[in-house]
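Text of the file my_file09.cif, holding mmCIF, C-alpha atoms and all ligand atoms:
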```cif
data_my_file
#
loop_
_atom_site.label_atom_id
_atom_site.label_comp_id
_atom_site.auth_asym_id
_atom_site.auth_seq_id
_atom_site.Cartn_x
_atom_site.Cartn_y
_atom_site.Cartn_z
CA MET A 9 16.90 -1.15 10.64
CA SER A 10 16.14 1.18 7.78
CA VAL A 11 13.30 3.52 7.16
CA ASN A 12 10.29 2.77 5.10
CA PRO A 13 8.86 5.84 3.48
CA GLN A 14 5.84 3.98 2.17
CA SER A 15 4.74 2.85 5.55
CA ARG A 16 1.07 2.30 4.68
CA ARG A 17 1.72 -0.52 2.28
CA VAL A 18 0.91 -4.17 2.87
CA LEU A 19 1.79 -7.11 0.64
CA SER A 20 1.01 -10.79 0.83
CA GLY A 21 0.63 -13.78 -1.41
CA MET A 22 -0.97 -17.19 -1.49
CA ARG A 23 -0.03 -20.27 -3.44
CA PRO A 24 -2.78 -21.57 -5.72
CA THR A 25 -3.33 -25.02 -4.23
CA GLY A 26 -7.00 -25.20 -5.22
CA ALA A 27 -10.22 -24.12 -3.55
CA LEU A 28 -9.68 -22.70 -0.08
CA HIS A 29 -11.13 -24.19 3.11
CA LEU A 30 -12.37 -22.65 6.33
CA GLY A 31 -8.93 -23.00 7.89
CA ASN A 32 -7.42 -20.83 5.14
CA TYR A 33 -10.17 -18.31 5.60
CA TYR A 34 -9.79 -17.94 9.35
CA GLY A 35 -6.03 -18.32 9.10
CA ALA A 36 -5.34 -15.55 6.62
CA LEU A 37 -8.02 -14.39 4.26
CA ARG A 38 -10.35 -12.88 6.85
CA ASN A 39 -7.43 -10.83 8.11
CA TRP A 40 -6.64 -9.57 4.59
CA VAL A 41 -10.24 -8.45 4.17
CA GLU A 42 -9.85 -6.24 7.24
CA LEU A 43 -6.41 -4.96 6.28
CA GLN A 44 -7.57 -3.75 2.88
CA TYR A 45 -9.51 -0.95 4.55
CA GLN A 46 -6.60 0.16 6.73
CA TYR A 47 -3.65 -0.06 4.34
CA GLU A 48 -2.71 0.16 0.69
CA CYS A 49 -2.83 -3.57 0.02
CA TYR A 50 -1.30 -5.74 -2.70
CA PHE A 51 -2.42 -9.37 -2.70
CA PHE A 52 -1.28 -11.85 -5.32
CA VAL A 53 -1.64 -15.46 -6.34
CA ALA A 54 1.86 -16.94 -6.23
CA ASP A 55 1.65 -19.17 -9.30
CA TRP A 56 5.41 -19.31 -9.86
CA HIS A 57 5.76 -20.50 -6.28
CA ALA A 58 3.40 -23.37 -7.05
CA LEU A 59 5.88 -24.50 -9.71
CA THR A 60 8.71 -24.83 -7.21
CA THR A 61 7.13 -27.98 -5.80
CA GLY A 62 4.63 -28.81 -8.55
CA TYR A 63 6.67 -28.47 -11.73
CA ASP A 64 5.91 -31.98 -12.94
CA ASP A 65 2.19 -31.49 -13.45
CA THR A 66 0.95 -28.02 -14.25
CA SER A 67 -2.35 -29.05 -15.83
CA LYS A 68 -4.48 -27.89 -12.89
CA LEU A 69 -2.74 -24.55 -12.46
CA PRO A 70 -5.20 -22.35 -14.40
CA GLN A 71 -8.15 -23.89 -12.56
CA HIS A 72 -6.49 -23.48 -9.17
CA ILE A 73 -5.63 -19.84 -9.83
CA HIS A 74 -9.22 -19.15 -10.83
CA GLU A 75 -10.60 -20.91 -7.75
CA VAL A 76 -8.42 -18.98 -5.37
CA LEU A 77 -9.36 -15.69 -6.97
CA VAL A 78 -13.06 -16.48 -6.76
CA ASP A 79 -12.58 -17.48 -3.12
CA TRP A 80 -10.91 -14.15 -2.42
CA LEU A 81 -13.72 -12.22 -4.02
CA ALA A 82 -16.38 -14.30 -2.27
CA ALA A 83 -14.66 -13.70 1.05
CA GLY A 84 -14.84 -9.95 0.50
CA LEU A 85 -11.53 -8.86 -0.96
CA ASN A 86 -12.52 -5.75 -2.85
CA PRO A 87 -10.71 -4.96 -6.11
CA GLY A 88 -11.88 -1.36 -5.77
CA VAL A 89 -9.76 -1.02 -2.65
CA ALA A 90 -6.98 -3.62 -2.79
CA THR A 91 -4.76 -4.52 -5.74
CA LEU A 92 -5.35 -8.18 -6.65
CA PHE A 93 -3.12 -9.85 -9.19
CA VAL A 94 -1.34 -12.97 -10.37
CA GLN A 95 2.43 -13.13 -9.88
CA SER A 96 3.32 -14.31 -13.38
CA HIS A 97 1.43 -11.37 -14.91
CA VAL A 98 4.05 -9.08 -13.37
CA PRO A 99 7.38 -10.18 -14.87
CA GLU A 100 9.19 -7.63 -12.70
CA HIS A 101 9.12 -10.26 -9.94
CA ALA A 102 11.42 -12.40 -12.08
CA GLU A 103 13.85 -9.60 -12.85
CA LEU A 104 14.24 -8.61 -9.21
CA HIS A 105 14.62 -12.28 -8.30
CA LEU A 106 17.46 -12.57 -10.80
CA LEU A 107 19.23 -9.44 -9.60
CA LEU A 108 18.93 -10.44 -5.96
CA SER A 109 20.23 -13.91 -6.76
CA MET A 110 23.59 -12.30 -7.58
CA ILE A 111 24.09 -11.10 -4.01
CA THR A 112 22.45 -13.93 -2.06
CA PRO A 113 24.84 -16.36 -0.38
CA LEU A 114 23.80 -19.97 -0.97
CA ALA A 115 24.11 -20.70 2.73
CA TRP A 116 21.32 -18.24 3.54
CA LEU A 117 18.92 -20.25 1.38
CA GLU A 118 20.12 -23.65 2.54
CA ARG A 119 19.51 -22.80 6.17
CA VAL A 120 15.90 -21.63 5.73
CA PRO A 121 14.02 -24.22 7.82
CA THR A 122 11.38 -24.97 5.16
CA TYR A 123 14.08 -26.09 2.72
CA LYS A 124 15.02 -29.30 4.51
CA ASP A 125 11.58 -29.79 6.13
CA GLN A 126 9.72 -29.76 2.83
CA GLN A 127 12.24 -32.03 1.15
CA GLN A 128 11.65 -34.47 3.99
CA GLN A 129 7.87 -34.15 3.83
CA LEU A 130 7.52 -34.36 0.07
CA LYS A 131 9.82 -37.34 -0.34
CA ASP A 132 8.08 -38.55 -3.49
CA LYS A 133 9.16 -35.38 -5.32
CA ASP A 134 12.62 -34.49 -6.50
CA LEU A 135 13.11 -31.14 -4.83
CA ALA A 136 16.83 -30.96 -5.43
CA THR A 137 16.16 -28.22 -7.95
CA TYR A 138 17.46 -24.72 -8.39
CA GLY A 139 13.94 -23.29 -8.27
CA PHE A 140 13.08 -24.96 -4.99
CA LEU A 141 16.24 -23.73 -3.27
CA GLY A 142 15.42 -20.26 -4.58
CA TYR A 143 11.88 -20.30 -3.25
CA PRO A 144 12.58 -17.93 -0.33
CA LEU A 145 14.49 -15.61 -2.63
CA LEU A 146 11.60 -15.45 -5.06
CA GLN A 147 9.43 -14.62 -2.07
CA SER A 148 11.91 -11.89 -1.06
CA ALA A 149 11.67 -10.40 -4.54
CA ASP A 150 7.85 -10.57 -4.35
CA ILE A 151 7.97 -8.56 -1.17
CA LEU A 152 10.78 -6.07 -1.78
CA LEU A 153 9.38 -5.16 -5.20
CA TYR A 154 6.54 -3.32 -3.49
CA ARG A 155 8.49 -1.85 -0.57
CA PRO A 156 5.73 -2.70 1.91
CA ALA A 157 5.86 -1.82 5.58
CA TYR A 158 4.07 -5.03 6.56
CA VAL A 159 3.72 -8.58 5.33
CA PRO A 160 0.77 -10.37 6.94
CA VAL A 161 1.63 -14.06 7.21
CA GLY A 162 1.24 -17.01 9.53
CA GLU A 163 3.91 -18.47 11.78
CA ASP A 164 5.17 -20.79 9.02
CA GLN A 165 6.29 -17.88 6.83
CA VAL A 166 8.15 -15.82 9.42
CA ALA A 167 11.52 -17.29 8.47
CA HIS A 168 10.97 -16.22 4.86
CA VAL A 169 10.31 -12.63 5.85
CA GLU A 170 13.42 -12.76 8.01
CA VAL A 171 15.59 -13.77 5.01
CA THR A 172 13.90 -11.02 3.04
CA ARG A 173 15.08 -8.51 5.63
CA GLU A 174 18.61 -9.85 5.48
CA ILE A 175 18.67 -9.64 1.71
CA ALA A 176 17.32 -6.08 1.78
CA ARG A 177 19.99 -5.14 4.28
CA ARG A 178 22.70 -6.66 2.11
CA PHE A 179 21.40 -4.94 -1.00
CA ASN A 180 21.25 -1.58 0.74
CA HIS A 181 24.69 -2.09 2.14
CA LEU A 182 26.14 -2.89 -1.29
CA TYR A 183 24.26 -0.40 -3.44
CA GLY A 184 22.26 1.84 -1.15
CA ARG A 185 24.76 4.59 -0.58
CA GLU A 186 24.41 7.73 -2.55
CA PRO A 187 27.73 9.49 -3.27
CA GLY A 188 28.11 12.52 -1.01
CA PHE A 189 25.21 11.36 1.15
CA GLU A 190 26.38 13.04 4.36
CA GLU A 191 26.75 16.47 2.81
CA LYS A 192 23.43 16.20 1.03
CA ALA A 193 21.73 15.09 4.22
CA GLU A 194 23.26 17.99 6.17
CA ARG A 195 22.00 20.41 3.56
CA ALA A 196 18.55 18.81 3.82
CA VAL A 197 18.59 19.30 7.60
CA LYS A 198 19.20 23.01 7.09
CA SER A 199 16.36 23.24 4.64
CA LEU A 200 13.95 22.07 7.34
CA GLY A 201 14.27 25.59 8.76
CA GLY A 202 15.51 27.04 12.11
CA ARG A 203 13.49 25.43 14.90
CA ASN A 204 12.80 22.24 12.99
CA SER A 205 16.45 21.73 12.05
CA GLN A 206 17.41 22.07 15.67
CA LEU A 207 14.70 19.69 16.83
CA TYR A 208 15.67 17.15 14.13
CA ARG A 209 19.30 17.24 15.28
CA GLN A 210 18.33 16.79 18.92
CA LEU A 211 16.03 13.86 18.22
CA ARG A 212 18.55 12.21 15.89
CA ARG A 213 21.29 12.48 18.49
CA ARG A 214 19.03 11.09 21.20
CA PHE A 215 18.08 8.10 19.04
CA GLN A 216 21.61 7.38 17.89
CA GLU A 217 23.17 7.75 21.36
CA THR A 218 20.54 6.04 23.49
CA GLY A 219 18.42 4.07 21.02
CA ASP A 220 15.37 6.03 22.17
CA THR A 221 12.77 4.87 19.63
CA ASP A 222 10.36 7.50 20.80
CA ALA A 223 12.77 10.15 19.61
CA LEU A 224 13.07 8.27 16.31
CA GLU A 225 9.31 8.24 15.85
CA ARG A 226 9.04 11.96 16.63
CA ALA A 227 11.82 12.80 14.21
CA ARG A 228 10.19 10.73 11.47
CA ALA A 229 6.90 12.50 12.06
CA LEU A 230 8.70 15.83 11.90
CA VAL A 231 10.18 14.94 8.50
CA GLN A 232 7.03 13.40 7.14
CA SER A 233 4.81 16.33 8.05
CA ASN A 234 7.12 18.85 6.41
CA ASN A 235 5.88 19.51 2.91
CA ARG A 236 8.35 22.19 1.92
CA ILE A 237 11.19 19.76 1.32
CA THR A 238 11.70 17.66 -1.79
CA VAL A 239 10.89 13.95 -1.89
CA ALA A 240 14.59 13.14 -2.30
CA ASP A 241 15.48 15.25 0.74
CA ARG A 242 12.73 13.62 2.76
CA GLU A 243 14.19 10.20 2.03
CA ARG A 244 17.67 11.43 2.86
CA LEU A 245 16.46 12.83 6.18
CA LEU A 246 14.68 9.61 7.03
CA GLY A 247 17.77 7.58 6.14
CA TYR A 248 20.09 9.95 7.99
CA LEU A 249 18.16 9.46 11.23
CA GLU A 250 19.44 5.94 11.53
CA GLY A 251 22.71 6.65 9.79
CA THR A 252 21.99 4.13 7.07
CA GLY A 253 21.82 6.32 4.01
CA VAL A 254 18.92 6.15 1.60
CA SER A 255 17.52 2.68 1.61
CA ILE A 256 16.41 1.48 -1.76
CA LEU A 257 14.78 -1.67 -0.45
CA PRO A 258 13.29 -0.96 2.99
CA GLU A 259 13.07 -3.86 5.42
CA PRO A 260 9.49 -5.07 5.82
CA GLN A 261 7.99 -6.31 9.05
CA VAL A 262 5.90 -9.37 9.71
CA LEU A 263 2.31 -8.73 10.66
CA LEU A 264 1.63 -11.98 12.44
CA THR A 265 -1.92 -13.16 11.91
CA ALA A 266 -3.44 -14.10 15.24
CA THR A 267 -5.58 -17.07 14.37
CA PRO A 268 -7.77 -19.49 16.21
CA ARG A 269 -6.73 -23.08 15.67
CA MET A 270 -9.27 -24.44 13.24
CA PRO A 271 -9.85 -28.13 13.90
CA GLY A 272 -10.50 -30.38 10.96
CA LEU A 273 -13.16 -33.09 10.91
CA ASP A 274 -10.82 -35.59 12.61
CA GLY A 275 -9.67 -33.18 15.31
CA ARG A 276 -6.26 -32.55 13.76
CA LYS A 277 -5.50 -29.11 12.36
CA MET A 278 -7.62 -28.45 9.25
CA SER A 279 -5.37 -29.07 6.30
CA LYS A 280 -5.76 -30.18 2.72
CA SER A 281 -3.08 -32.82 3.15
CA TYR A 282 -5.08 -34.50 5.95
CA GLY A 283 -8.27 -34.53 3.88
CA ASN A 284 -10.24 -33.21 6.85
CA THR A 285 -11.42 -29.89 5.48
CA ILE A 286 -14.63 -28.00 4.92
CA GLY A 287 -14.47 -25.94 1.74
CA LEU A 288 -15.14 -22.23 1.84
CA ARG A 289 -17.81 -22.70 -0.82
CA GLU A 290 -18.74 -26.29 -0.19
CA ASP A 291 -22.23 -27.52 -0.95
CA PRO A 292 -24.34 -27.04 2.25
CA ASP A 293 -25.64 -30.64 2.21
CA SER A 294 -22.12 -31.92 2.21
CA VAL A 295 -21.17 -29.52 5.02
CA VAL A 296 -24.06 -30.80 7.14
CA GLN A 297 -23.12 -34.39 6.38
CA LYS A 298 -19.48 -33.86 7.30
CA LEU A 299 -20.25 -32.06 10.54
CA ARG A 300 -22.87 -34.57 11.68
CA THR A 301 -20.30 -37.33 11.44
CA MET A 302 -17.45 -35.24 12.82
CA GLN A 303 -15.33 -36.69 15.61
CA THR A 304 -16.44 -35.90 19.22
CA ASP A 305 -15.11 -36.82 22.67
CA PRO A 306 -14.48 -40.58 22.23
CA ALA A 307 -15.53 -41.16 25.86
CA ARG A 308 -19.13 -40.31 25.01
CA VAL A 309 -20.13 -43.66 23.63
CA ARG A 310 -23.72 -43.49 24.78
CA ARG A 311 -25.99 -40.50 24.96
CA THR A 312 -26.05 -40.88 28.76
CA ASP A 313 -22.24 -40.75 29.13
CA PRO A 314 -21.05 -37.29 30.21
CA GLY A 315 -18.30 -35.81 28.04
CA ASP A 316 -15.38 -33.45 28.30
CA PRO A 317 -15.48 -30.55 25.82
CA GLU A 318 -11.71 -30.14 26.10
CA LYS A 319 -11.35 -33.51 24.38
CA CYS A 320 -13.75 -32.64 21.58
CA PRO A 321 -12.99 -30.75 18.35
CA VAL A 322 -16.64 -29.69 18.07
CA TRP A 323 -16.07 -27.65 21.20
CA GLU A 324 -13.21 -25.85 19.43
CA LEU A 325 -15.66 -24.98 16.68
CA HIS A 326 -18.05 -23.60 19.30
CA LYS A 327 -15.26 -21.37 20.55
CA ILE A 328 -14.84 -19.92 17.06
CA PHE A 329 -18.45 -19.78 15.91
CA SER A 330 -20.76 -19.57 18.96
CA ASP A 331 -21.66 -16.75 21.30
CA GLU A 332 -21.05 -16.85 25.04
CA SER A 333 -24.44 -18.27 26.03
CA THR A 334 -24.37 -21.01 23.39
CA GLN A 335 -20.92 -21.99 24.60
CA GLN A 336 -22.20 -22.14 28.18
CA TRP A 337 -25.09 -24.32 27.08
CA ALA A 338 -22.86 -26.69 25.12
CA SER A 339 -20.18 -27.06 27.76
CA GLN A 340 -22.69 -27.54 30.59
CA GLY A 341 -24.84 -29.91 28.55
CA CYS A 342 -21.83 -31.99 27.55
CA ARG A 343 -20.44 -32.40 31.06
CA THR A 344 -23.82 -33.37 32.50
CA ALA A 345 -24.95 -35.46 29.54
CA GLY A 346 -27.85 -33.02 29.36
CA ILE A 347 -27.56 -32.81 25.58
CA GLY A 348 -26.55 -35.24 22.87
CA CYS A 349 -23.69 -34.61 20.48
CA LEU A 350 -25.96 -33.98 17.51
CA GLU A 351 -27.91 -31.45 19.52
CA CYS A 352 -24.63 -29.82 20.54
CA LYS A 353 -23.47 -29.64 16.93
CA LYS A 354 -26.65 -28.03 15.68
CA PRO A 355 -25.76 -24.35 16.34
CA VAL A 356 -22.27 -24.85 14.87
CA ILE A 357 -23.71 -26.52 11.79
CA ASP A 358 -26.20 -23.69 11.32
CA ARG A 359 -23.50 -21.03 11.62
CA ILE A 360 -21.09 -22.73 9.22
CA VAL A 361 -23.82 -23.46 6.67
CA ASP A 362 -24.74 -19.80 6.91
CA GLU A 363 -21.17 -18.71 6.33
CA VAL A 364 -20.60 -21.09 3.43
CA SER A 365 -23.91 -20.12 1.82
CA GLY A 366 -22.93 -16.46 1.92
CA MET A 367 -19.65 -17.29 0.19
CA ARG A 368 -21.48 -19.28 -2.48
CA ARG A 369 -23.89 -16.45 -3.08
CA ARG A 370 -21.12 -13.89 -3.53
CA ALA A 371 -19.10 -16.25 -5.73
CA GLN A 372 -21.95 -16.89 -8.12
CA GLU A 373 -21.52 -13.90 -10.44
CA PHE A 374 -17.80 -14.64 -10.80
CA GLU A 375 -18.44 -18.29 -11.52
CA GLU A 376 -20.99 -17.35 -14.17
CA ASN A 377 -18.77 -14.67 -15.73
CA PRO A 378 -15.14 -15.72 -15.56
CA GLU A 379 -14.20 -12.65 -17.61
CA LEU A 380 -15.03 -10.53 -14.56
CA VAL A 381 -12.20 -12.23 -12.75
CA ARG A 382 -9.90 -11.87 -15.75
CA ASN A 383 -10.59 -8.13 -15.86
CA ILE A 384 -9.97 -7.70 -12.16
CA VAL A 385 -6.54 -9.31 -12.33
CA ALA A 386 -5.66 -7.54 -15.57
CA GLU A 387 -6.30 -4.23 -13.88
CA GLY A 388 -4.52 -5.43 -10.75
CA ALA A 389 -1.44 -6.41 -12.76
CA GLU A 390 -1.33 -2.94 -14.33
CA LYS A 391 -1.41 -1.26 -10.93
CA ALA A 392 1.10 -3.68 -9.48
CA ARG A 393 3.46 -3.13 -12.41
CA GLU A 394 3.44 0.60 -11.82
CA ALA A 395 4.64 0.14 -8.27
CA ALA A 396 7.05 -2.60 -9.31
CA ARG A 397 8.63 -0.51 -12.08
CA GLU A 398 9.37 2.32 -9.66
CA THR A 399 11.33 -0.02 -7.44
CA LEU A 400 13.09 -1.72 -10.32
CA ASP A 401 14.15 1.62 -11.75
CA ASP A 402 15.81 2.49 -8.46
CA VAL A 403 17.36 -0.97 -8.23
CA ARG A 404 18.76 -0.85 -11.79
CA ARG A 405 20.11 2.63 -11.27
CA ALA A 406 21.78 1.63 -8.01
CA MET A 407 23.41 -1.34 -9.75
CA ASN A 408 24.52 0.76 -12.70
CA LEU A 409 22.26 -1.07 -15.12
CA ARG A 410 20.23 0.37 -17.91
CA THR A 411 17.06 2.20 -16.94
CA ASP A 412 14.33 2.74 -19.48
N1 LIG A 501 5.29 -18.68 0.54
C1 LIG A 501 3.96 -18.25 0.82
C2 LIG A 501 3.12 -19.45 1.28
O1 LIG A 501 3.45 -20.57 0.95
C3 LIG A 501 3.30 -17.58 -0.35
C4 LIG A 501 4.04 -16.36 -0.77
C5 LIG A 501 4.78 -16.21 -1.90
C6 LIG A 501 4.09 -15.13 -0.07
N2 LIG A 501 5.30 -14.96 -1.97
C7 LIG A 501 4.91 -14.26 -0.87
C8 LIG A 501 3.56 -14.68 1.14
C9 LIG A 501 5.20 -12.98 -0.45
C10 LIG A 501 3.87 -13.39 1.55
C11 LIG A 501 4.67 -12.54 0.77
O2 LIG A 501 2.14 -19.25 1.95
FE1 LIG A 502 -18.36 -32.62 21.83
FE2 LIG A 502 -20.66 -31.37 22.22
FE3 LIG A 502 -20.57 -34.04 22.14
FE4 LIG A 502 -19.52 -32.73 24.18
S1 LIG A 502 -21.66 -32.75 23.57
S2 LIG A 502 -18.59 -34.42 23.10
S3 LIG A 502 -18.72 -30.90 23.19
S4 LIG A 502 -20.11 -32.64 20.46
#
```

Kindly return the structure encoded in the file as structure tokens.
Ligand code: TRP
Ligand code: SF4
Amino acid sequence: MSVNPQSRRVLSGMRPTGALHLGNYYGALRNWVELQYQYECYFFVADWHALTTGYDDTSKLPQHIHEVLVDWLAAGLNPGVATLFVQSHVPEHAELHLLLSMITPLAWLERVPTYKDQQQQLKDKDLATYGFLGYPLLQSADILLYRPAYVPVGEDQVAHVEVTREIARRFNHLYGREPGFEEKAERAVKSLGGRNSQLYRQLRRRFQETGDTDALERARALVQSNNRITVADRERLLGYLEGTGVSILPEPQVLLTATPRMPGLDGRKMSKSYGNTIGLREDPDSVVQKLRTMQTDPARVRRTDPGDPEKCPVWELHKIFSDESTQQWASQGCRTAGIGCLECKKPVIDRIVDEVSGMRRRAQEFEENPELVRNIVAEGAEKAREAARETLDDVRRAMNLRTD
């Protein structure tokens, strides 16, 4: 493991597959909205990633990018706090992807589980392309370019972050060592000053000999709180703790999004490919219509038949959207046939209509003035490029390439 000096940074991306649904919101977006107030967040629309599977028809791409951005803003992502941008507006992603491709063994990409899975699932597409194989590497470049501490993703993306870590490790191993590192690090230890130097040495030894992560944390804090040393020395001291040298591309960690399972209208997981979704900004009449006809416990044929909430997707919605007493009422009423299904659905319908209406209200100004959205991502790209250029400078220097 190597140290991440920019440990308050978070990065994540989303493919522009069109307007988001409630499953996307509860699965990821709502979490991002919270994270933006706790971390320095970079969120981007992964339009190049959309090309890896959708290269044959790109006509809807601009519309899909716009829809996702408006969804983000409607859901409460705040461009005053988080950096929001579009991947292709930051060409640095492509340069890092290229450089990393030189050191990435083919086998690492071939064994990423999504490679074979997706080829199986999307049989009608020819995915025997270079770009599709490189998908996880492009994602690695997306991530490493910003040197984030955390990457909030769902279960399905964990393998991609794992490859990212392996690639970072390989890069650091090949290029991450500064000539004369040990001597420079020793000199930096001395510059911490008497008591602190001694404490640093003790903690470092304890971590290296026994793997005591508590000692590691304390030593990091000691280094980070010292503002008399130079930035370069601080990085050396952080790297020296784990004996890895300065790491140019720190290994990010997954921040697994704990999400309720959002049932779709047919009871299967809500997913665009099943056509069972409720849009984040769907027209309220259509939401009501969809929910009124939504699947319930098939055993409740007549109003007088008691039901079992555990066999009913509406009950899963209650668990996400209703308070304790409403849940009690629904579960009790279902089991005793005290209430009908429509009656049971009513509070869920009201809540979802409320939620969707709020999204529509907040989206309105962006729908009416698309240039607002354009300005937000133009500014976001500028900020993102600043961070990206810093990393690329270090990467080019480490690889003995030209730096501007
Ligand atoms: N592959 C991700 C998905 O399909 C999207 C993505 C692209 C991403 N680059 C990323 C997510 C970087 C996190 C970090 O959902
Ligand atoms: Fe589902 Fe509610 Fe009908 Fe029971 S009463 S089957 S929980 S909709």

Padding 8 Å on every side, please: axis-aligned box over the listed atoms of segment 332-345 of chain A, centre and edge lengths to one decimal in Å, as AutoDock Vina command-line options.
```
--center_x -22.6 --center_y -26.2 --center_z 27.9 --size_x 20.9 --size_y 34.6 --size_z 25.1
```

Practice problem: Have a look at A:Leu114, A:Met278, A:Thr61, A:Leu152 and name the one nearest to Arg177 of chain A; count all atoms listed in the file. | Solution: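 Among the listed residues, the smallest separation from Arg177 of chain A belongs to A:Leu152.
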
Quiz item: Residues at most 6 Å from ligand LIG 501 (chain A), using all atoms listed in the file? Could they come as an MDAnalysis selection string?
Solution: chainID A and resid 20:23 54 147 150:151

Quiz item: Hey, which of A:His168, A:Arg228, A:Lys327, A:Arg359 ends up closest to ligand LIG 502 (chain A)? Count all atoms listed in the file.
Solution: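 Of A:His168, A:Arg228, A:Lys327, A:Arg359, the one nearest ligand LIG 502 (chain A) is A:Lys327, counting all atoms listed in the file.
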
Site check for ligand LIG 502 (chain A): residues at most 12 Å away, only C-alpha atoms and all ligand atoms, as a PDB file with C-alpha atoms, in the coordinates of the input:
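So the final result, stored in pocket37.pdb, reads:
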```pdb
ATOM      1  CA  LEU A 273     -13.160 -33.090  10.910  1.00  0.00           C
ATOM      2  CA  GLY A 275      -9.670 -33.180  15.310  1.00  0.00           C
ATOM      3  CA  LEU A 299     -20.250 -32.060  10.540  1.00  0.00           C
ATOM      4  CA  ARG A 300     -22.870 -34.570  11.680  1.00  0.00           C
ATOM      5  CA  THR A 301     -20.300 -37.330  11.440  1.00  0.00           C
ATOM      6  CA  MET A 302     -17.450 -35.240  12.820  1.00  0.00           C
ATOM      7  CA  GLN A 303     -15.330 -36.690  15.610  1.00  0.00           C
ATOM      8  CA  THR A 304     -16.440 -35.900  19.220  1.00  0.00           C
ATOM      9  CA  ASP A 305     -15.110 -36.820  22.670  1.00  0.00           C
ATOM     10  CA  PRO A 306     -14.480 -40.580  22.230  1.00  0.00           C
ATOM     11  CA  ALA A 307     -15.530 -41.160  25.860  1.00  0.00           C
ATOM     12  CA  ARG A 308     -19.130 -40.310  25.010  1.00  0.00           C
ATOM     13  CA  VAL A 309     -20.130 -43.660  23.630  1.00  0.00           C
ATOM     14  CA  ARG A 310     -23.720 -43.490  24.780  1.00  0.00           C
ATOM     15  CA  ARG A 311     -25.990 -40.500  24.960  1.00  0.00           C
ATOM     16  CA  THR A 312     -26.050 -40.880  28.760  1.00  0.00           C
ATOM     17  CA  ASP A 313     -22.240 -40.750  29.130  1.00  0.00           C
ATOM     18  CA  PRO A 314     -21.050 -37.290  30.210  1.00  0.00           C
ATOM     19  CA  GLY A 315     -18.300 -35.810  28.040  1.00  0.00           C
ATOM     20  CA  ASP A 316     -15.380 -33.450  28.300  1.00  0.00           C
ATOM     21  CA  PRO A 317     -15.480 -30.550  25.820  1.00  0.00           C
ATOM     22  CA  GLU A 318     -11.710 -30.140  26.100  1.00  0.00           C
ATOM     23  CA  LYS A 319     -11.350 -33.510  24.380  1.00  0.00           C
ATOM     24  CA  CYS A 320     -13.750 -32.640  21.580  1.00  0.00           C
ATOM     25  CA  PRO A 321     -12.990 -30.750  18.350  1.00  0.00           C
ATOM     26  CA  VAL A 322     -16.640 -29.690  18.070  1.00  0.00           C
ATOM     27  CA  TRP A 323     -16.070 -27.650  21.200  1.00  0.00           C
ATOM     28  CA  GLU A 324     -13.210 -25.850  19.430  1.00  0.00           C
ATOM     29  CA  LEU A 325     -15.660 -24.980  16.680  1.00  0.00           C
ATOM     30  CA  HIS A 326     -18.050 -23.600  19.300  1.00  0.00           C
ATOM     31  CA  LYS A 327     -15.260 -21.370  20.550  1.00  0.00           C
ATOM     32  CA  THR A 334     -24.370 -21.010  23.390  1.00  0.00           C
ATOM     33  CA  GLN A 335     -20.920 -21.990  24.600  1.00  0.00           C
ATOM     34  CA  GLN A 336     -22.200 -22.140  28.180  1.00  0.00           C
ATOM     35  CA  TRP A 337     -25.090 -24.320  27.080  1.00  0.00           C
ATOM     36  CA  ALA A 338     -22.860 -26.690  25.120  1.00  0.00           C
ATOM     37  CA  SER A 339     -20.180 -27.060  27.760  1.00  0.00           C
ATOM     38  CA  GLN A 340     -22.690 -27.540  30.590  1.00  0.00           C
ATOM     39  CA  GLY A 341     -24.840 -29.910  28.550  1.00  0.00           C
ATOM     40  CA  CYS A 342     -21.830 -31.990  27.550  1.00  0.00           C
ATOM     41  CA  ARG A 343     -20.440 -32.400  31.060  1.00  0.00           C
ATOM     42  CA  THR A 344     -23.820 -33.370  32.500  1.00  0.00           C
ATOM     43  CA  ALA A 345     -24.950 -35.460  29.540  1.00  0.00           C
ATOM     44  CA  GLY A 346     -27.850 -33.020  29.360  1.00  0.00           C
ATOM     45  CA  ILE A 347     -27.560 -32.810  25.580  1.00  0.00           C
ATOM     46  CA  GLY A 348     -26.550 -35.240  22.870  1.00  0.00           C
ATOM     47  CA  CYS A 349     -23.690 -34.610  20.480  1.00  0.00           C
ATOM     48  CA  LEU A 350     -25.960 -33.980  17.510  1.00  0.00           C
ATOM     49  CA  GLU A 351     -27.910 -31.450  19.520  1.00  0.00           C
ATOM     50  CA  CYS A 352     -24.630 -29.820  20.540  1.00  0.00           C
ATOM     51  CA  LYS A 353     -23.470 -29.640  16.930  1.00  0.00           C
ATOM     52  CA  LYS A 354     -26.650 -28.030  15.680  1.00  0.00           C
ATOM     53  CA  PRO A 355     -25.760 -24.350  16.340  1.00  0.00           C
ATOM     54  CA  VAL A 356     -22.270 -24.850  14.870  1.00  0.00           C
ATOM     55  CA  ILE A 357     -23.710 -26.520  11.790  1.00  0.00           C
TER      56      ILE A 357
END
```
